[in-house]
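File shown: my_file03.txt (compact mmCIF, C-alpha atoms).
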```txt
# COMPACT_ATOMS: atom_id res chain seq x y z
CA MET A 193 -14.43 -21.30 18.87
CA GLN A 194 -12.13 -19.31 16.60
CA PRO A 195 -13.00 -15.59 16.76
CA SER A 196 -13.33 -13.77 13.44
CA VAL A 197 -14.39 -10.49 11.89
CA ILE A 198 -17.92 -10.50 10.38
CA TYR A 199 -17.99 -7.04 8.83
CA LYS A 200 -16.59 -3.53 9.12
CA ASN A 201 -18.27 -0.13 8.92
CA ILE A 202 -16.33 3.01 8.12
CA LYS A 203 -17.53 5.62 10.65
CA TYR A 204 -15.33 8.54 9.65
CA SER A 205 -12.77 8.99 6.92
CA GLY A 206 -10.19 11.75 7.27
CA LYS A 207 -7.35 12.59 4.92
CA TRP A 208 -4.86 10.15 6.48
CA LEU A 209 -6.79 8.21 9.13
CA GLU A 210 -10.07 6.35 9.04
CA GLN A 211 -12.09 5.17 12.02
CA GLU A 212 -14.07 1.95 11.62
CA GLU A 213 -16.37 -0.25 13.64
CA ILE A 214 -15.45 -3.92 13.52
CA VAL A 215 -18.21 -6.42 14.21
CA TYR A 216 -16.73 -9.79 15.12
CA ARG A 217 -17.69 -13.13 16.63
CA ASP A 218 -15.76 -13.78 19.84
CA HIS A 219 -14.54 -17.11 21.31
CA ASN A 220 -18.01 -17.65 22.82
CA GLY A 221 -19.68 -17.22 19.44
CA LYS A 222 -21.15 -13.90 20.54
CA MET A 223 -21.38 -10.87 18.22
CA MET A 224 -19.18 -8.07 19.57
CA SER A 225 -18.05 -4.63 18.41
CA TRP A 226 -14.60 -3.01 18.42
CA GLU A 227 -13.22 0.34 17.22
CA ASN A 228 -10.17 0.51 14.97
CA VAL A 229 -8.16 3.28 13.34
CA LYS A 230 -6.64 2.63 9.92
CA ARG A 231 -3.95 4.49 8.07
CA LYS A 232 -5.38 5.11 4.61
CA ASN A 233 -3.30 4.00 1.62
CA SER A 234 -0.51 2.60 3.76
CA THR A 235 1.11 -0.82 3.72
CA GLY A 236 3.16 -0.15 6.85
CA ALA A 237 6.26 1.68 8.00
CA ALA A 238 10.00 1.05 8.26
CA VAL A 239 11.46 1.79 11.72
CA ILE A 240 15.23 2.09 11.52
CA ILE A 241 17.67 0.91 14.18
CA ALA A 242 20.89 2.32 12.73
CA LYS A 243 24.41 2.27 14.09
CA LEU A 244 27.43 4.25 13.04
CA LYS A 245 30.48 2.05 12.48
CA PRO A 246 33.11 1.81 13.84
CA SER A 247 32.02 4.04 16.78
CA ASN A 248 28.93 1.89 17.34
CA ARG A 249 26.79 4.93 18.16
CA LEU A 250 23.03 4.65 17.74
CA ILE A 251 21.09 7.18 15.62
CA LEU A 252 17.89 8.66 17.01
CA ILE A 253 15.81 11.59 15.85
CA ARG A 254 13.93 14.33 17.70
CA GLN A 255 10.93 16.06 16.14
CA TYR A 256 7.76 17.96 17.03
CA ARG A 257 4.63 15.80 16.95
CA PRO A 258 1.28 17.62 16.90
CA PRO A 259 -0.64 14.82 18.71
CA LEU A 260 1.61 15.35 21.75
CA ASP A 261 2.19 19.10 21.18
CA ASN A 262 5.76 18.27 22.10
CA PHE A 263 9.14 17.09 20.82
CA ILE A 264 9.71 13.35 20.95
CA VAL A 265 12.74 11.08 20.63
CA GLU A 266 12.14 8.27 18.11
CA PHE A 267 13.94 5.92 15.76
CA PRO A 268 14.14 7.31 12.21
CA ALA A 269 11.07 5.94 10.41
CA GLY A 270 8.70 6.45 7.53
CA LEU A 271 5.77 5.01 5.63
CA ILE A 272 6.43 2.60 2.79
CA ASP A 273 5.63 4.38 -0.49
CA ASP A 274 3.96 2.78 -3.48
CA ASN A 275 6.47 0.79 -5.56
CA GLU A 276 8.87 0.51 -2.61
CA ASN A 277 9.86 -2.47 -0.53
CA VAL A 278 10.78 -2.11 3.14
CA LYS A 279 14.53 -1.97 2.47
CA MET A 280 14.11 0.84 -0.06
CA THR A 281 11.98 2.81 2.39
CA ALA A 282 14.57 2.37 5.14
CA VAL A 283 17.48 3.57 2.96
CA ARG A 284 15.43 6.53 1.67
CA GLU A 285 14.08 7.59 5.07
CA LEU A 286 17.46 7.31 6.78
CA MET A 287 18.87 9.61 4.10
CA GLU A 288 15.97 12.09 4.23
CA GLU A 289 15.74 12.27 8.00
CA THR A 290 19.42 12.06 8.99
CA GLY A 291 21.50 12.61 5.84
CA TYR A 292 23.31 9.30 6.35
CA THR A 293 23.81 6.63 3.69
CA GLY A 294 23.42 3.22 5.30
CA VAL A 295 23.16 -0.43 4.36
CA VAL A 296 20.43 -2.77 5.53
CA ILE A 297 21.57 -5.61 7.80
CA SER A 298 18.22 -7.25 8.51
CA VAL A 299 14.45 -6.72 8.26
CA SER A 300 11.96 -8.08 10.83
CA TYR A 301 8.61 -9.70 10.16
CA PRO A 302 5.68 -7.23 10.24
CA ILE A 303 4.74 -6.15 13.75
CA PHE A 304 1.94 -4.03 15.18
CA SER A 305 2.35 -0.73 17.03
CA SER A 306 -0.76 -0.71 19.23
CA PRO A 307 -3.00 -3.67 18.35
CA GLY A 308 -5.94 -2.70 20.61
CA LEU A 309 -6.38 0.61 18.80
CA THR A 310 -5.01 0.33 15.27
CA ASP A 311 -3.95 -2.20 12.65
CA GLU A 312 -0.95 0.03 11.84
CA SER A 313 2.03 -2.19 11.08
CA LEU A 314 5.76 -1.68 10.86
CA TYR A 315 9.03 -3.47 10.22
CA PHE A 316 12.19 -3.03 12.27
CA VAL A 317 15.13 -2.54 9.92
CA LYS A 318 18.67 -2.82 11.27
CA MET A 319 21.14 -0.68 9.35
CA GLU A 320 24.84 0.15 9.50
CA ILE A 321 26.40 3.44 8.50
CA ASP A 322 30.09 3.61 7.58
CA GLU A 323 31.01 6.87 9.27
CA LEU A 324 34.42 6.95 7.59
CA SER A 325 32.89 6.92 4.11
CA PRO A 326 33.10 10.35 2.33
CA GLU A 327 29.31 10.55 1.89
CA ASN A 328 28.84 10.25 5.65
CA ILE A 329 31.42 12.79 6.84
CA SER A 330 29.08 15.79 6.62
CA PRO A 331 25.59 14.29 6.42
CA LYS A 332 22.97 16.63 5.00
CA GLN A 333 19.28 15.94 5.57
CA SER A 334 16.91 16.15 2.62
CA SER A 335 13.75 16.47 4.70
CA GLU A 336 10.61 17.99 3.26
CA PRO A 337 10.28 21.66 4.27
CA THR A 338 7.37 20.72 6.59
CA GLU A 339 9.73 18.48 8.58
CA ASN A 340 12.27 19.75 11.07
CA ILE A 341 14.27 16.85 12.43
CA GLU A 342 17.19 16.92 14.83
CA VAL A 343 19.63 13.99 14.65
CA LEU A 344 20.82 12.57 17.98
CA HIS A 345 23.72 10.19 18.68
CA THR A 346 24.18 8.05 21.75
CA SER A 347 26.05 4.91 22.71
CA GLU A 348 23.97 1.87 23.63
CA ASN A 349 25.57 1.75 27.09
CA GLU A 350 24.28 5.22 27.75
CA LEU A 351 20.88 4.91 26.04
CA ASN A 352 18.79 4.58 29.21
CA GLU A 353 20.55 7.53 30.84
CA PHE A 354 20.24 9.52 27.61
CA LEU A 355 16.47 8.95 27.43
CA LYS A 356 16.02 9.88 31.09
CA GLU A 357 17.90 13.10 30.46
CA ARG A 358 15.77 13.92 27.41
CA PHE A 359 12.64 13.23 29.46
CA GLY A 360 14.07 15.38 32.25
CA VAL A 361 14.37 18.41 29.97
CA GLY A 362 10.82 17.99 28.68
CA ASP A 363 11.02 15.70 25.64
CA SER A 364 8.67 12.75 25.15
CA ILE A 365 9.99 9.26 24.38
CA ASP A 366 8.64 6.78 21.82
CA SER A 367 7.61 3.32 23.08
CA LYS A 368 9.77 1.40 20.60
CA VAL A 369 12.92 3.28 21.65
CA ALA A 370 12.03 2.79 25.34
CA ALA A 371 11.33 -0.96 24.94
CA PHE A 372 14.60 -1.41 23.02
CA ALA A 373 16.46 0.43 25.80
CA ILE A 374 14.88 -1.73 28.51
CA GLY A 375 15.84 -4.84 26.57
CA LEU A 376 19.42 -3.59 26.21
CA SER A 377 19.80 -3.10 29.96
CA ASP A 378 17.72 -6.04 31.06
CA ASN A 379 20.60 -8.01 32.50
CA GLN A 380 20.40 -5.44 35.31
CA PHE A 381 16.79 -6.48 36.05
CA MET B 164 10.22 29.18 15.99
CA GLN B 165 8.66 26.83 18.56
CA PRO B 166 5.78 24.85 16.98
CA SER B 167 2.53 24.72 18.93
CA VAL B 168 -1.09 23.61 18.70
CA ILE B 169 -3.56 26.43 17.93
CA TYR B 170 -6.84 24.53 18.21
CA LYS B 171 -8.41 21.09 17.85
CA ASN B 172 -11.66 20.00 16.18
CA ILE B 173 -13.33 16.73 17.08
CA LYS B 174 -14.26 15.14 13.75
CA TYR B 175 -15.80 11.88 15.00
CA SER B 176 -16.43 10.54 18.47
CA GLY B 177 -16.93 6.79 18.90
CA LYS B 178 -17.47 4.89 22.12
CA TRP B 179 -13.76 4.45 22.92
CA LEU B 180 -11.87 6.40 20.27
CA GLU B 181 -12.16 9.94 18.98
CA GLN B 182 -10.66 11.36 15.81
CA GLU B 183 -9.59 15.00 15.86
CA GLU B 184 -8.06 17.54 13.55
CA ILE B 185 -5.17 19.44 15.12
CA VAL B 186 -4.36 22.85 13.68
CA TYR B 187 -0.86 23.90 14.66
CA ARG B 188 1.82 26.43 13.80
CA ASP B 189 4.96 24.71 12.53
CA HIS B 190 8.63 25.74 12.91
CA ASN B 191 8.24 28.10 9.93
CA GLY B 192 5.26 29.85 11.56
CA LYS B 193 2.93 28.29 9.00
CA MET B 194 -0.56 27.00 9.92
CA MET B 195 -0.70 23.24 9.34
CA SER B 196 -3.16 20.44 9.98
CA TRP B 197 -2.67 16.94 11.51
CA GLU B 198 -4.97 14.05 12.34
CA ASN B 199 -4.92 12.43 15.78
CA VAL B 200 -6.80 9.60 17.46
CA LYS B 201 -7.53 9.89 21.18
CA ARG B 202 -8.58 7.24 23.65
CA LYS B 203 -11.60 8.71 25.41
CA ASN B 204 -11.54 8.81 29.22
CA SER B 205 -8.06 7.30 29.47
CA THR B 206 -4.99 8.51 31.28
CA GLY B 207 -2.75 5.84 29.80
CA ALA B 208 -1.91 2.18 30.12
CA ALA B 209 0.43 -0.03 32.16
CA VAL B 210 2.54 -2.42 30.06
CA ILE B 211 4.00 -5.16 32.25
CA ILE B 212 7.44 -6.72 31.81
CA ALA B 213 7.16 -9.51 34.37
CA LYS B 214 9.60 -12.25 35.29
CA LEU B 215 9.09 -15.41 37.28
CA LYS B 216 11.71 -15.85 39.98
CA PRO B 217 13.86 -17.82 40.43
CA SER B 218 13.46 -19.37 36.94
CA ASN B 219 13.80 -15.93 35.31
CA ARG B 220 11.18 -16.76 32.69
CA LEU B 221 9.35 -13.88 31.01
CA ILE B 222 5.53 -13.73 30.96
CA LEU B 223 3.79 -12.89 27.67
CA ILE B 224 0.15 -13.17 26.67
CA ARG B 225 -1.57 -14.20 23.45
CA GLN B 226 -5.03 -12.93 22.57
CA TYR B 227 -7.32 -12.28 19.60
CA ARG B 228 -7.35 -8.64 18.51
CA PRO B 229 -10.20 -7.57 16.19
CA PRO B 230 -8.17 -4.80 14.43
CA LEU B 231 -5.79 -7.50 13.14
CA ASP B 232 -8.40 -10.30 12.95
CA ASN B 233 -5.65 -12.44 14.42
CA PHE B 234 -3.97 -13.61 17.61
CA ILE B 235 -1.07 -11.50 18.81
CA VAL B 236 1.74 -11.94 21.33
CA GLU B 237 1.98 -8.98 23.72
CA PHE B 238 3.12 -7.99 27.17
CA PRO B 239 0.29 -8.15 29.74
CA ALA B 240 -1.23 -4.64 29.81
CA GLY B 241 -4.29 -2.62 30.61
CA LEU B 242 -5.74 0.86 30.85
CA ILE B 243 -5.36 2.79 34.10
CA ASP B 244 -8.79 2.97 35.78
CA ASP B 245 -10.14 6.00 37.63
CA ASN B 246 -8.75 6.15 41.17
CA GLU B 247 -5.79 3.93 40.26
CA ASN B 248 -2.14 4.74 39.94
CA VAL B 249 0.10 2.91 37.48
CA LYS B 250 1.39 0.42 40.05
CA MET B 251 -2.13 -0.54 41.09
CA THR B 252 -3.11 -1.05 37.44
CA ALA B 253 -0.06 -3.25 36.83
CA VAL B 254 -0.74 -5.48 39.86
CA ARG B 255 -4.44 -5.77 38.98
CA GLU B 256 -3.90 -6.44 35.26
CA LEU B 257 -1.17 -9.02 35.87
CA MET B 258 -3.59 -10.86 38.18
CA GLU B 259 -6.57 -10.58 35.82
CA GLU B 260 -4.71 -11.53 32.65
CA THR B 261 -2.28 -14.16 33.97
CA GLY B 262 -3.44 -15.14 37.48
CA TYR B 263 -0.04 -14.26 38.95
CA THR B 264 0.54 -12.11 42.01
CA GLY B 265 3.59 -9.92 41.41
CA VAL B 266 5.45 -7.03 42.96
CA VAL B 267 6.41 -3.86 41.12
CA ILE B 268 10.17 -3.30 40.71
CA SER B 269 10.11 -0.06 38.71
CA VAL B 270 7.85 2.22 36.67
CA SER B 271 9.04 4.16 33.62
CA TYR B 272 8.21 7.74 32.71
CA PRO B 273 5.17 8.06 30.37
CA ILE B 274 5.95 7.04 26.79
CA PHE B 275 3.99 7.15 23.54
CA SER B 276 2.94 4.15 21.47
CA SER B 277 2.68 5.70 17.98
CA PRO B 278 3.19 9.47 18.19
CA GLY B 279 2.42 10.24 14.53
CA LEU B 280 -1.07 8.77 14.84
CA THR B 281 -2.21 8.95 18.48
CA ASP B 282 -1.44 10.61 21.79
CA GLU B 283 -2.02 7.24 23.52
CA SER B 284 0.49 6.92 26.36
CA LEU B 285 1.76 4.06 28.46
CA TYR B 286 4.18 3.21 31.26
CA PHE B 287 6.49 0.21 31.29
CA VAL B 288 6.23 -1.53 34.65
CA LYS B 289 8.83 -4.12 35.64
CA MET B 290 7.45 -6.77 37.97
CA GLU B 291 8.71 -9.90 39.69
CA ILE B 292 6.63 -12.97 40.49
CA ASP B 293 7.74 -15.36 43.23
CA GLU B 294 6.85 -18.64 41.56
CA LEU B 295 7.48 -20.62 44.77
CA SER B 296 4.84 -18.63 46.67
CA PRO B 297 1.62 -20.67 47.28
CA GLU B 298 -0.56 -18.10 45.49
CA ASN B 299 1.52 -18.53 42.32
CA ILE B 300 1.66 -22.33 42.15
CA SER B 301 -1.61 -22.72 40.23
CA PRO B 302 -2.34 -19.24 38.86
CA LYS B 303 -5.98 -18.70 37.89
CA GLN B 304 -6.92 -15.84 35.57
CA SER B 305 -9.81 -13.59 36.53
CA SER B 306 -10.36 -12.17 33.06
CA GLU B 307 -13.66 -10.70 32.03
CA PRO B 308 -15.76 -13.24 30.07
CA THR B 309 -15.19 -11.20 26.90
CA GLU B 310 -11.45 -11.79 27.22
CA ASN B 311 -9.74 -15.03 26.34
CA ILE B 312 -6.08 -14.79 27.13
CA GLU B 313 -3.41 -17.45 26.86
CA VAL B 314 -0.36 -17.09 29.13
CA LEU B 315 3.02 -17.80 27.53
CA HIS B 316 6.40 -18.37 29.21
CA THR B 317 9.80 -18.01 27.61
CA SER B 318 13.37 -17.41 28.69
CA GLU B 319 14.98 -14.16 27.61
CA ASN B 320 17.75 -16.05 25.81
CA GLU B 321 15.14 -17.71 23.65
CA LEU B 322 12.80 -14.73 23.20
CA ASN B 323 13.82 -13.88 19.63
CA GLU B 324 13.54 -17.53 18.56
CA PHE B 325 10.23 -17.84 20.41
CA LEU B 326 8.74 -14.82 18.60
CA LYS B 327 9.94 -16.08 15.23
CA GLU B 328 8.26 -19.40 15.93
CA ARG B 329 4.99 -17.71 16.94
CA PHE B 330 5.14 -15.64 13.75
CA GLY B 331 5.88 -18.82 11.80
CA VAL B 332 2.68 -20.49 12.99
CA GLY B 333 0.59 -17.41 12.12
CA ASP B 334 0.55 -15.20 15.23
CA SER B 335 1.20 -11.47 15.08
CA ILE B 336 3.79 -9.79 17.32
CA ASP B 337 3.43 -6.51 19.23
CA SER B 338 6.01 -3.78 18.57
CA LYS B 339 6.96 -3.33 22.23
CA VAL B 340 7.75 -7.02 22.66
CA ALA B 341 9.70 -7.03 19.40
CA ALA B 342 11.72 -3.91 20.29
CA PHE B 343 12.50 -5.35 23.74
CA ALA B 344 13.65 -8.60 22.10
CA ILE B 345 15.89 -6.74 19.63
CA GLY B 346 17.40 -4.77 22.53
CA LEU B 347 18.03 -8.00 24.47
CA SER B 348 19.96 -9.55 21.58
CA ASP B 349 21.59 -6.41 20.32
CA ASN B 350 25.10 -7.40 21.31
CA GLN B 351 24.84 -9.73 18.30
CA PHE B 352 24.26 -6.76 15.99
```

Have the structure of the file written as structure tokens, please.
Amino acid sequence: MQPSVIYKNIKYSGKWLEQEEIVYRDHNGKMMSWENVKRKNSTGAAVIIAKLKPSNRLILIRQYRPPLDNFIVEFPAGLIDDNENVKMTAVRELMEETGYTGVVISVSYPIFSSPGLTDESLYFVKMEIDELSPENISPKQSSEPTENIEVLHTSENELNEFLKERFGVGDSIDSKVAAFAIGLSDNQF
Amino acid sequence: MQPSVIYKNIKYSGKWLEQEEIVYRDHNGKMMSWENVKRKNSTGAAVIIAKLKPSNRLILIRQYRPPLDNFIVEFPAGLIDDNENVKMTAVRELMEETGYTGVVISVSYPIFSSPGLTDESLYFVKMEIDELSPENISPKQSSEPTENIEVLHTSENELNEFLKERFGVGDSIDSKVAAFAIGLSDNQF
């Protein structure tokens, strides 16, 4: 039979995250329980795969993440604010986190970051940045003072090597960047 | 200055997941607070990128996930058990979830699924499956009775189209599969 959720119980509600118990009927018709973490007041995130044109370099960011107590290499990304659509979030976050003004090329369907643990969703947004445009010659981040983001550039050919090097000097690597890199080089597999 | 964690407070402890408050010193030396979700008793997961040889088809799975109340297309994957290394987990989980016997080609460094929300970590494991080997002619899953996993096959050339179709008929898509697919087709970008 078709599994489905019967009810949910909020077990703990923090400022940003909420832990809930999900009681559901499984494919055998049996009542089961699962644990889920929700982002409160969030409709998802934009994750930005941006390239500088014409050099074709990829933009990544490096920032400290308290859950890892470490610096991690990620795609630029941010939560979709109220009254924003995904494209608006992507343009705003790219500007805030990297200083670059880009244009959106395409937006994916909604996807899920870790579906066994959280219903957190995101959209991949492909963007292009005209690096010869005056506004992109000396990009200036407009991050919030609590953020401290380093902008990284790499060519796609060198992405796997680049990530290995960052890992080698102690950085962590985000799963979406790593999966993208494996896909890029998969003709070698 | 170098940010670092000062202390952590467990705010709620479920059966599998634990929510904690992290108090850390940021790059300005200021005390800040963050929320993190931990998997209890887990050292990470193996996420399997497996190909059938010689047909070169990719193996994906489709299963119901209570957090989404929906079916989702993912790579085969599972948590690393006590007394296992990542390779052992990958071989075991591929067998349990798909019925296939595969060999490990490579294992990535540890990576992080959603570093703003959780310290959950995983390893990408590339595997090959000899589809002409007797044990792989009629693969039989050995899933736990609580699991109900459908095995999907697709060529890499058709992966993006395949995922769009699955989304079109109502399935959700995992971020690691989607990022891999975007990487595969990125020469079109």

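For the choices A:Gly362, A:Gly308, A:Pro302, A:Pro331, the atom-to-atom distance to Leu260 of chain A is smallest for A:Gly362 when using only C-alpha atoms.
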
Do you have, as a Markdown table, the list of residues of chain B lying at most 6 Å from chain A, each with its nearest atom pair and that distance in Å to one decimal, counting all atoms listed in the file and ordered by chain then number?
```
| residue | atom | partner | partner_atom | distance |
| --- | --- | --- | --- | --- |
| B:Asn199 | CA | A:Pro259 | CA | 5.7 |
| B:Pro230 | CA | A:Asp311 | CA | 5.3 |
| B:Leu231 | CA | A:Asp311 | CA | 5.6 |
| B:Ile274 | CA | A:Ile365 | CA | 5.2 |
| B:Phe275 | CA | A:Asp366 | CA | 5.0 |
| B:Ser276 | CA | A:Ser367 | CA | 5.0 |
| B:Asp282 | CA | A:Pro259 | CA | 5.3 |
| B:Ile336 | CA | A:Ile303 | CA | 5.2 |
| B:Asp337 | CA | A:Phe304 | CA | 5.0 |
| B:Ser338 | CA | A:Ser305 | CA | 5.0 |
| B:Lys339 | CA | A:Ala371 | CA | 5.7 |
| B:Ala342 | CA | A:Phe372 | CA | 4.7 |
| B:Phe343 | CA | A:Gly375 | CA | 4.4 |
| B:Gly346 | CA | A:Gly375 | CA | 4.3 |
| B:Leu347 | CA | A:Gly375 | CA | 4.4 |
```

Exercise. Which polymer residues have any atom within 9 Å of an atom of Arg284 of chain A, counting only C-alpha atoms, with same-chain residues fewer than 4 positions away left out, as a list in words?
Worked result: Gly270, Lys279, Met280, Glu288, Glu289 and Thr293 of chain A

Exercise. Do you have the atom CA of Gln226 of chain B-atom CA of Val254 of chain B distance handy?
Worked result: 19.3 Å

Kindly provide, as AutoDock Vina command-line options, the centre and edge lengths (Å, one decimal) of an axis-aligned box around all atoms of segment 316-326 of chain A given in the file, with 3 Å on each side.
```
--center_x 23.3 --center_y 3.7 --center_z 7.3 --size_x 28.2 --size_y 19.4 --size_z 15.9
```

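Note that the spacing between atom CA of Asn328 of chain A and atom CA of Lys245 of chain A amounts to 10.8 Å.
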
Atoms kept (all heavy atoms) for segment 300-309 of chain A, as a short mmCIF file (atom, residue, chain, number, x, y, z; two decimals), in the first residue's frame:
```cif
data_model
loop_
_atom_site.label_atom_id
_atom_site.label_comp_id
_atom_site.auth_asym_id
_atom_site.auth_seq_id
_atom_site.Cartn_x
_atom_site.Cartn_y
_atom_site.Cartn_z
N SER A 300 16.55 24.90 -11.19
CA SER A 300 16.12 23.50 -11.13
C SER A 300 14.75 23.39 -10.47
O SER A 300 14.25 24.35 -9.89
CB SER A 300 17.12 22.67 -10.33
OG SER A 300 16.98 22.94 -8.93
N TYR A 301 14.18 22.21 -10.52
CA TYR A 301 13.05 21.86 -9.64
C TYR A 301 13.56 21.82 -8.20
O TYR A 301 14.77 21.78 -7.97
CB TYR A 301 12.46 20.51 -10.06
CG TYR A 301 13.48 19.49 -10.49
CD1 TYR A 301 14.25 18.80 -9.56
CD2 TYR A 301 13.72 19.25 -11.85
CE1 TYR A 301 15.21 17.88 -9.94
CE2 TYR A 301 14.70 18.33 -12.24
CZ TYR A 301 15.43 17.65 -11.27
OH TYR A 301 16.39 16.76 -11.65
N PRO A 302 12.65 21.81 -7.21
CA PRO A 302 13.10 21.71 -5.81
C PRO A 302 13.73 20.34 -5.56
O PRO A 302 13.24 19.33 -6.05
CB PRO A 302 11.81 21.85 -5.00
CG PRO A 302 10.71 21.51 -5.95
CD PRO A 302 11.19 21.92 -7.31
N ILE A 303 14.84 20.32 -4.81
CA ILE A 303 15.48 19.07 -4.46
C ILE A 303 15.76 19.06 -2.97
O ILE A 303 15.60 20.08 -2.30
CB ILE A 303 16.77 18.87 -5.28
CG1 ILE A 303 17.72 20.01 -5.03
CG2 ILE A 303 16.48 18.73 -6.76
CD1 ILE A 303 18.98 19.92 -5.80
N PHE A 304 16.18 17.93 -2.45
CA PHE A 304 16.24 17.75 -0.99
C PHE A 304 17.65 17.39 -0.55
O PHE A 304 18.27 16.50 -1.11
CB PHE A 304 15.21 16.70 -0.56
CG PHE A 304 13.82 17.21 -0.78
CD1 PHE A 304 13.17 17.01 -2.00
CD2 PHE A 304 13.20 17.97 0.19
CE1 PHE A 304 11.91 17.55 -2.23
CE2 PHE A 304 11.94 18.51 -0.03
CZ PHE A 304 11.30 18.30 -1.24
N SER A 305 18.14 18.11 0.48
CA SER A 305 19.57 18.01 0.82
C SER A 305 19.92 16.71 1.53
O SER A 305 20.97 16.14 1.25
CB SER A 305 20.02 19.21 1.64
OG SER A 305 19.32 19.30 2.84
N SER A 306 19.09 16.23 2.42
CA SER A 306 19.40 14.98 3.14
C SER A 306 18.08 14.37 3.62
O SER A 306 17.70 14.52 4.78
CB SER A 306 20.34 15.27 4.32
OG SER A 306 20.74 14.04 4.92
N PRO A 307 17.37 13.68 2.70
CA PRO A 307 15.96 13.36 2.91
C PRO A 307 15.67 12.35 4.02
O PRO A 307 14.52 12.18 4.40
CB PRO A 307 15.51 12.82 1.55
CG PRO A 307 16.75 12.36 0.88
CD PRO A 307 17.83 13.28 1.35
N GLY A 308 16.71 11.69 4.58
CA GLY A 308 16.48 10.81 5.72
C GLY A 308 16.43 11.57 7.03
O GLY A 308 15.95 11.05 8.04
N LEU A 309 16.89 12.81 7.02
CA LEU A 309 17.11 13.56 8.26
C LEU A 309 16.32 14.87 8.32
O LEU A 309 15.97 15.35 9.38
CB LEU A 309 18.61 13.85 8.36
CG LEU A 309 19.21 14.66 9.48
CD1 LEU A 309 20.58 14.12 9.87
CD2 LEU A 309 19.37 16.13 9.11
#
```
